[in-house]
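Student: coords_23.txt is reproduced below (compact mmCIF, C-alpha atoms).
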# COMPACT_ATOMS: atom_id res chain seq x y z
CA MET A 229 139.33 195.83 85.37
CA ARG A 230 142.83 195.26 84.02
CA ARG A 231 145.29 193.46 86.30
CA PRO A 232 147.77 196.38 86.79
CA ILE A 233 144.90 198.69 87.83
CA ALA A 234 143.51 196.00 90.16
CA ILE A 235 146.95 195.54 91.75
CA LEU A 236 147.40 199.29 92.21
CA GLY A 237 143.88 199.69 93.62
CA SER A 238 144.38 196.78 96.01
CA ALA A 239 147.73 198.18 97.16
CA VAL A 240 146.14 201.56 97.88
CA PHE A 241 143.29 199.81 99.71
CA PHE A 242 145.84 197.86 101.79
CA VAL A 243 147.67 201.01 102.86
CA VAL A 244 144.51 202.99 103.58
CA VAL A 245 142.18 200.46 105.21
CA PRO A 246 143.87 197.44 106.88
CA CYS A 247 147.01 199.39 107.80
CA ALA A 248 144.87 202.05 109.46
CA ILE A 249 142.58 199.56 111.22
CA ALA A 250 145.29 197.12 112.34
CA GLY A 251 148.18 199.58 112.72
CA LEU A 252 147.29 203.25 113.10
CA LEU A 253 144.23 202.84 115.36
CA PRO A 254 145.94 200.36 117.74
CA TRP A 255 148.89 202.74 117.93
CA TRP A 256 146.53 205.64 118.66
CA ILE A 257 144.85 203.62 121.43
CA THR A 258 148.05 202.34 123.07
CA ARG A 259 150.94 204.41 121.69
CA TRP A 260 152.39 200.86 121.60
CA GLN A 261 153.36 201.11 125.23
CA PHE A 262 153.68 197.86 127.11
CA ARG A 263 151.58 197.28 130.20
CA ASP A 264 151.85 194.38 132.59
CA PRO A 265 151.24 191.20 130.62
CA PHE A 266 147.89 189.45 130.93
CA LEU A 267 147.90 186.73 133.59
CA GLY A 268 151.22 188.16 134.77
CA THR A 269 153.23 186.07 132.33
CA TRP A 270 155.27 186.74 129.22
CA VAL A 271 153.55 183.75 127.59
CA THR A 272 150.55 185.93 126.72
CA GLN A 273 152.90 188.38 125.05
CA ALA A 274 154.50 185.54 123.06
CA VAL A 275 151.04 184.41 121.95
CA GLY A 276 150.39 188.01 120.89
CA VAL A 277 153.50 188.03 118.69
CA ILE A 278 152.47 184.69 117.18
CA LEU A 279 148.99 186.06 116.38
CA ILE A 280 150.40 189.20 114.76
CA VAL A 281 152.81 187.17 112.63
CA ALA A 282 150.08 184.64 111.76
CA GLY A 283 147.64 187.35 110.68
CA LEU A 284 149.93 189.12 108.22
CA PRO A 285 150.21 186.40 105.52
CA GLY A 286 146.44 185.90 105.41
CA LEU A 287 145.87 189.61 104.97
CA VAL A 288 148.48 190.09 102.25
CA ASP A 289 147.48 186.90 100.42
CA SER A 290 143.78 187.77 100.47
CA ILE A 291 144.34 191.23 99.05
CA ARG A 292 146.71 189.84 96.41
CA ARG A 293 144.11 187.27 95.33
CA PHE A 294 141.47 189.98 94.91
CA ALA A 295 143.74 191.80 92.46
CA VAL A 296 145.42 188.94 90.60
CA GLU A 297 142.63 186.34 90.49
CA GLY A 298 139.49 188.42 90.96
CA LEU A 299 140.66 191.37 88.84
CA GLY A 300 139.30 193.84 91.35
CA THR A 301 139.91 195.21 94.82
CA PRO A 302 138.52 194.58 98.31
CA ALA A 303 136.84 198.01 98.13
CA PRO A 304 133.12 197.90 97.34
CA VAL A 305 133.60 200.67 94.76
CA ALA A 306 135.86 198.40 92.63
CA PRO A 307 134.82 194.81 93.35
CA THR A 308 136.25 191.67 91.82
CA GLN A 309 134.98 190.42 88.48
CA THR A 310 135.19 186.78 89.57
CA LEU A 311 134.45 185.12 92.89
CA VAL A 312 137.71 184.43 94.74
CA VAL A 313 137.58 180.94 96.29
CA THR A 314 141.26 179.96 96.47
CA GLY A 315 143.95 180.19 99.14
CA PHE A 316 142.61 180.97 102.61
CA TYR A 317 139.18 181.50 101.02
CA ARG A 318 138.96 177.70 100.74
CA HIS A 319 138.88 177.52 104.54
CA VAL A 320 136.80 180.54 105.56
CA ARG A 321 134.73 183.12 103.68
CA ASN A 322 136.25 186.15 105.42
CA PRO A 323 140.00 185.60 105.84
CA MET A 324 140.81 189.28 105.39
CA TYR A 325 138.63 190.36 108.32
CA LEU A 326 139.90 187.44 110.42
CA SER A 327 143.51 188.35 109.63
CA VAL A 328 142.99 191.95 110.72
CA LEU A 329 141.18 190.77 113.87
CA THR A 330 144.04 188.37 114.63
CA ILE A 331 146.57 191.20 114.31
CA ILE A 332 144.51 193.49 116.57
CA LEU A 333 144.03 190.81 119.25
CA GLY A 334 147.72 189.89 118.99
CA GLN A 335 148.65 193.49 119.74
CA GLY A 336 146.24 193.48 122.67
CA LEU A 337 148.03 190.45 124.13
CA LEU A 338 151.50 191.77 123.29
CA PHE A 339 150.91 195.14 124.95
CA GLY A 340 148.72 193.76 127.74
CA ASP A 341 145.98 196.25 126.90
CA TRP A 342 142.29 195.42 127.31
CA ARG A 343 141.35 198.39 125.17
CA LEU A 344 142.69 196.60 122.12
CA ILE A 345 140.77 193.45 123.02
CA ALA A 346 137.60 195.57 123.24
CA TYR A 347 138.52 197.29 119.98
CA GLY A 348 138.94 193.86 118.38
CA ALA A 349 135.48 192.83 119.58
CA ALA A 350 133.99 196.05 118.19
CA PHE A 351 135.83 195.55 114.89
CA TRP A 352 134.47 192.00 114.55
CA THR A 353 130.92 193.18 115.36
CA VAL A 354 131.06 195.86 112.67
CA CYS A 355 132.50 193.36 110.18
CA HIS A 356 129.80 190.81 110.97
CA LEU A 357 127.02 193.35 110.49
CA PHE A 358 128.60 194.55 107.23
CA VAL A 359 129.00 190.99 105.95
CA ILE A 360 125.40 189.94 106.62
CA SER A 361 123.74 193.20 105.59
CA TYR A 362 125.79 194.17 102.51
CA GLU A 363 128.55 191.82 101.45
CA GLU A 364 126.73 188.50 101.32
CA PRO A 365 123.61 189.85 99.55
CA THR A 366 125.85 191.66 97.04
CA LEU A 367 127.90 188.54 96.35
CA HIS A 368 124.73 186.49 95.99
CA ARG A 369 123.36 188.94 93.39
CA ALA A 370 126.66 189.07 91.50
CA PHE A 371 127.61 185.38 91.50
CA ARG A 372 124.29 183.59 92.22
CA GLY A 373 124.68 179.79 92.25
CA GLU A 374 128.47 179.91 92.44
CA TYR A 375 128.27 181.95 95.65
CA GLU A 376 125.47 179.80 97.08
CA SER A 377 127.60 176.69 96.64
CA TYR A 378 130.57 178.45 98.23
CA GLN A 379 128.41 179.76 101.07
CA HIS A 380 127.05 176.28 101.85
CA ASN A 381 130.50 174.71 101.91
CA VAL A 382 132.75 177.32 103.52
CA PRO A 383 131.97 178.82 106.95
CA ARG A 384 131.70 182.56 107.47
CA TRP A 385 133.96 182.92 110.53
CA LEU A 386 135.29 179.62 111.89
CA PRO A 387 137.74 178.12 109.38
CA ARG A 388 137.21 174.58 108.20
CA LEU A 389 140.23 172.33 108.68
CA THR A 390 140.23 170.84 105.19
CA PRO A 391 140.23 173.16 102.19
CA TRP A 392 137.05 173.24 100.14
CA LYS A 393 137.43 172.17 96.55
CA LYS A 394 135.16 173.87 94.05
CA ALA A 395 133.14 171.32 92.05
For this file, write the structure as structure tokens.
Tutor:
Amino acid sequence: MRRPIAILGSAVFFVVVPCAIAGLLPWWITRWQFRDPFLGTWVTQAVGVILIVAGLPGLVDSIRRFAVEGLGTPAPVAPTQTLVVTGFYRHVRNPMYLSVLTIILGQGLLFGDWRLIAYGAAFWTVCHLFVISYEEPTLHRAFRGEYESYQHNVPRWLPRLTPWKKA
């Protein structure tokens, strides 16, 4: 796939998928109305803002890397041509899903709404099942030894503190 097409496809994916999952659905659940903060303190709301702000760069960077470095998109119908193992992908294999989860949980804390926390748990469960049943086997078939090495060195969900360096 040519880079301009990959960038356009990734931009469309960003607007359609993560923006809907981390923006439209939380709005639909809460109408972004504040409830009493968790634990009765504004500190939980501040943590929520921090999580939202922390999740955005990981999401944008991951999608950008798929287009610019991988010459593809995050969508299974137009996958990358090369395995992306730079940026946040050096710390964790699924930074895009983790970024979206962080944004969802941040909104749950900000708005004091348990429904968003439950939605975040459901989102993670669906992502985990998708990763183990489709994504990892597909990446293994496409990138064989390169993906195996990456898989053995970079955790699926809990980020490693030091970035992995490809041999």
Student: What is the CA of Gly251 (chain A)-CA of Ile280 (chain A) distance in Å, reported with one decimal?
Tutor: 10.8 Å
Student: For Val328 (chain A), find every residue with an atom within 12 Å (counting only C-alpha atoms), except residues of its own chain fewer than 4 positions away, and show them as a PyMOL selection string.
Tutor: chain A and resi 242+245-251+253-254+279-288+290-291+322-324+332-335+347-349+351-352+355
Student: CA of Thr366 (chain A) to CA of Met229 (chain A): how many Å, to one decimal?
Tutor: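 That distance, rounded to one decimal, is 18.3 Å.
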Student: From the set A:Thr301, A:Val244, A:Ala239, A:Leu329, which residue has the shortest atom-to-atom contact distance to Leu344 (chain A), counting all atoms listed in the file?
Tutor: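 Going through A:Thr301, A:Val244, A:Ala239, A:Leu329 one by one, the smallest distance to Leu344 (chain A) is for A:Leu329.
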Student: Against region 373-385 of chain A, which residues of region 243-320 of chain A fall within 10 Å? For each one I want the closest pair of atoms and the distance in Å (one decimal), counting only C-alpha atoms, rows by chain and increasing residue number, as a tab-separated table.
Tutor:
residue	atom	partner	partner_atom	distance
A:Leu311	CA	A:Tyr375	CA	7.5
A:Val312	CA	A:Tyr375	CA	9.8
A:Val313	CA	A:Tyr378	CA	7.7
A:Tyr317	CA	A:Val382	CA	8.1
A:Arg318	CA	A:Val382	CA	6.8
A:His319	CA	A:Val382	CA	6.2
A:Val320	CA	A:Pro383	CA	5.3
Student: Grab all the atoms of region 296-315 of chain A that the file lists, wrap them in a box along x, y and z, add 5 Å per side, and give me centre plus edge lengths in Å (one decimal) as AutoDock Vina command-line options.
Tutor:
--center_x 139.3 --center_y 190.3 --center_z 93.8 --size_x 22.3 --size_y 30.7 --size_z 20.7
Student: So how far away is CA of Thr258 (chain A) from CA of Arg343 (chain A), in Å?
Tutor: 8.1 Å
Student: Fewer than 3 positions away in the same chain doesn't count, so skip those; otherwise give me all residues within 10 Å of Gly237 (chain A), counting all atoms listed in the file, as number ranges by chain.
Tutor: A: 231-234, 240-242, 295, 300-303, 306
Student: Which is closer to Leu236 (chain A) than all the others in A:Arg369, A:Gly336, A:Arg292, A:Pro304, using all atoms listed in the file?
Tutor: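 Ranked by minimum distance to Leu236 (chain A), first place goes to A:Arg292.
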Student: Hey, which of A:Ile345, A:Leu389, A:Arg372, A:Leu367 ends up closest to Gly276 (chain A)? Count all atoms listed in the file.
Tutor: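 Between A:Ile345, A:Leu389, A:Arg372, A:Leu367, the residue approaching Gly276 (chain A) most closely is A:Ile345.
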Student: Which residue is closest to Pro307 (chain A)? Choose from A:Val271, A:Ser238, A:Leu386, A:Ile257 and count only C-alpha atoms.
Tutor: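 Checking each of A:Val271, A:Ser238, A:Leu386, A:Ile257 against Pro307 (chain A), counting only C-alpha atoms, the winner is A:Ser238.
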Student: When you get a chance, write out N, CA, C and O atoms for region 363-389 of chain A, as a short mmCIF file (atom, residue, chain, number, x, y, z; two decimals), in the coordinates of the input.
Tutor:
data_model
loop_
_atom_site.label_atom_id
_atom_site.label_comp_id
_atom_site.auth_asym_id
_atom_site.auth_seq_id
_atom_site.Cartn_x
_atom_site.Cartn_y
_atom_site.Cartn_z
N GLU A 363 127.63 192.62 102.25
CA GLU A 363 128.55 191.82 101.45
C GLU A 363 127.93 190.53 100.91
O GLU A 363 128.03 190.25 99.71
N GLU A 364 127.31 189.76 101.78
CA GLU A 364 126.73 188.50 101.32
C GLU A 364 125.58 188.71 100.32
O GLU A 364 125.56 188.03 99.29
N PRO A 365 124.65 189.62 100.58
CA PRO A 365 123.61 189.85 99.55
C PRO A 365 124.19 190.33 98.22
O PRO A 365 123.73 189.92 97.15
N THR A 366 125.23 191.16 98.26
CA THR A 366 125.85 191.66 97.04
C THR A 366 126.53 190.53 96.28
O THR A 366 126.40 190.42 95.05
N LEU A 367 127.24 189.67 97.00
CA LEU A 367 127.90 188.54 96.35
C LEU A 367 126.87 187.56 95.77
O LEU A 367 127.08 187.00 94.70
N HIS A 368 125.79 187.38 96.49
CA HIS A 368 124.73 186.49 95.99
C HIS A 368 124.15 187.03 94.68
O HIS A 368 123.93 186.28 93.73
N ARG A 369 123.90 188.33 94.62
CA ARG A 369 123.36 188.94 93.39
C ARG A 369 124.38 188.84 92.23
O ARG A 369 124.02 188.58 91.10
N ALA A 370 125.64 189.04 92.55
CA ALA A 370 126.66 189.07 91.50
C ALA A 370 127.04 187.69 90.98
O ALA A 370 127.29 187.51 89.79
N PHE A 371 127.08 186.69 91.88
CA PHE A 371 127.61 185.38 91.50
C PHE A 371 126.62 184.23 91.68
O PHE A 371 126.98 183.08 91.50
N ARG A 372 125.41 184.53 92.09
CA ARG A 372 124.29 183.59 92.22
C ARG A 372 124.68 182.19 92.71
O ARG A 372 125.11 182.03 93.81
N GLY A 373 124.48 181.18 91.86
CA GLY A 373 124.68 179.79 92.25
C GLY A 373 126.10 179.49 92.69
O GLY A 373 126.31 178.67 93.59
N GLU A 374 127.07 180.12 92.06
CA GLU A 374 128.47 179.91 92.44
C GLU A 374 128.69 180.34 93.89
O GLU A 374 129.34 179.64 94.67
N TYR A 375 128.12 181.49 94.26
CA TYR A 375 128.27 181.95 95.65
C TYR A 375 127.46 181.09 96.61
O TYR A 375 127.93 180.81 97.72
N GLU A 376 126.29 180.67 96.21
CA GLU A 376 125.47 179.80 97.08
C GLU A 376 126.22 178.52 97.41
O GLU A 376 126.23 178.08 98.56
N SER A 377 126.83 177.90 96.42
CA SER A 377 127.60 176.69 96.64
C SER A 377 128.76 176.96 97.60
O SER A 377 129.00 176.20 98.54
N TYR A 378 129.45 178.05 97.37
CA TYR A 378 130.57 178.45 98.23
C TYR A 378 130.07 178.70 99.65
O TYR A 378 130.64 178.20 100.63
N GLN A 379 128.98 179.41 99.77
CA GLN A 379 128.41 179.76 101.07
C GLN A 379 128.00 178.51 101.86
O GLN A 379 128.18 178.46 103.06
N HIS A 380 127.48 177.51 101.17
CA HIS A 380 127.05 176.28 101.85
C HIS A 380 128.21 175.39 102.26
O HIS A 380 128.05 174.55 103.15
N ASN A 381 129.37 175.58 101.64
CA ASN A 381 130.50 174.71 101.91
C ASN A 381 131.61 175.32 102.75
O ASN A 381 132.42 174.60 103.32
N VAL A 382 131.66 176.64 102.81
CA VAL A 382 132.75 177.32 103.52
C VAL A 382 132.14 178.21 104.59
O VAL A 382 131.31 179.07 104.30
N PRO A 383 132.55 178.02 105.86
CA PRO A 383 131.97 178.82 106.95
C PRO A 383 132.35 180.30 106.88
O PRO A 383 133.38 180.67 106.31
N ARG A 384 131.50 181.11 107.47
CA ARG A 384 131.70 182.56 107.47
C ARG A 384 132.88 182.97 108.35
O ARG A 384 133.70 183.79 107.97
N TRP A 385 132.96 182.43 109.57
CA TRP A 385 133.96 182.92 110.53
C TRP A 385 134.90 181.85 111.08
O TRP A 385 136.06 182.15 111.34
N LEU A 386 134.44 180.65 111.31
CA LEU A 386 135.29 179.62 111.89
C LEU A 386 135.86 178.75 110.77
O LEU A 386 135.12 178.00 110.13
N PRO A 387 137.15 178.83 110.53
CA PRO A 387 137.74 178.12 109.38
C PRO A 387 137.53 176.61 109.45
O PRO A 387 137.61 176.00 110.52
N ARG A 388 137.26 176.03 108.30
CA ARG A 388 137.21 174.58 108.20
C ARG A 388 138.64 174.07 108.12
O ARG A 388 139.52 174.75 107.59
N LEU A 389 138.88 172.87 108.64
CA LEU A 389 140.23 172.33 108.68
C LEU A 389 140.72 171.89 107.31
O LEU A 389 141.88 172.07 106.97
#
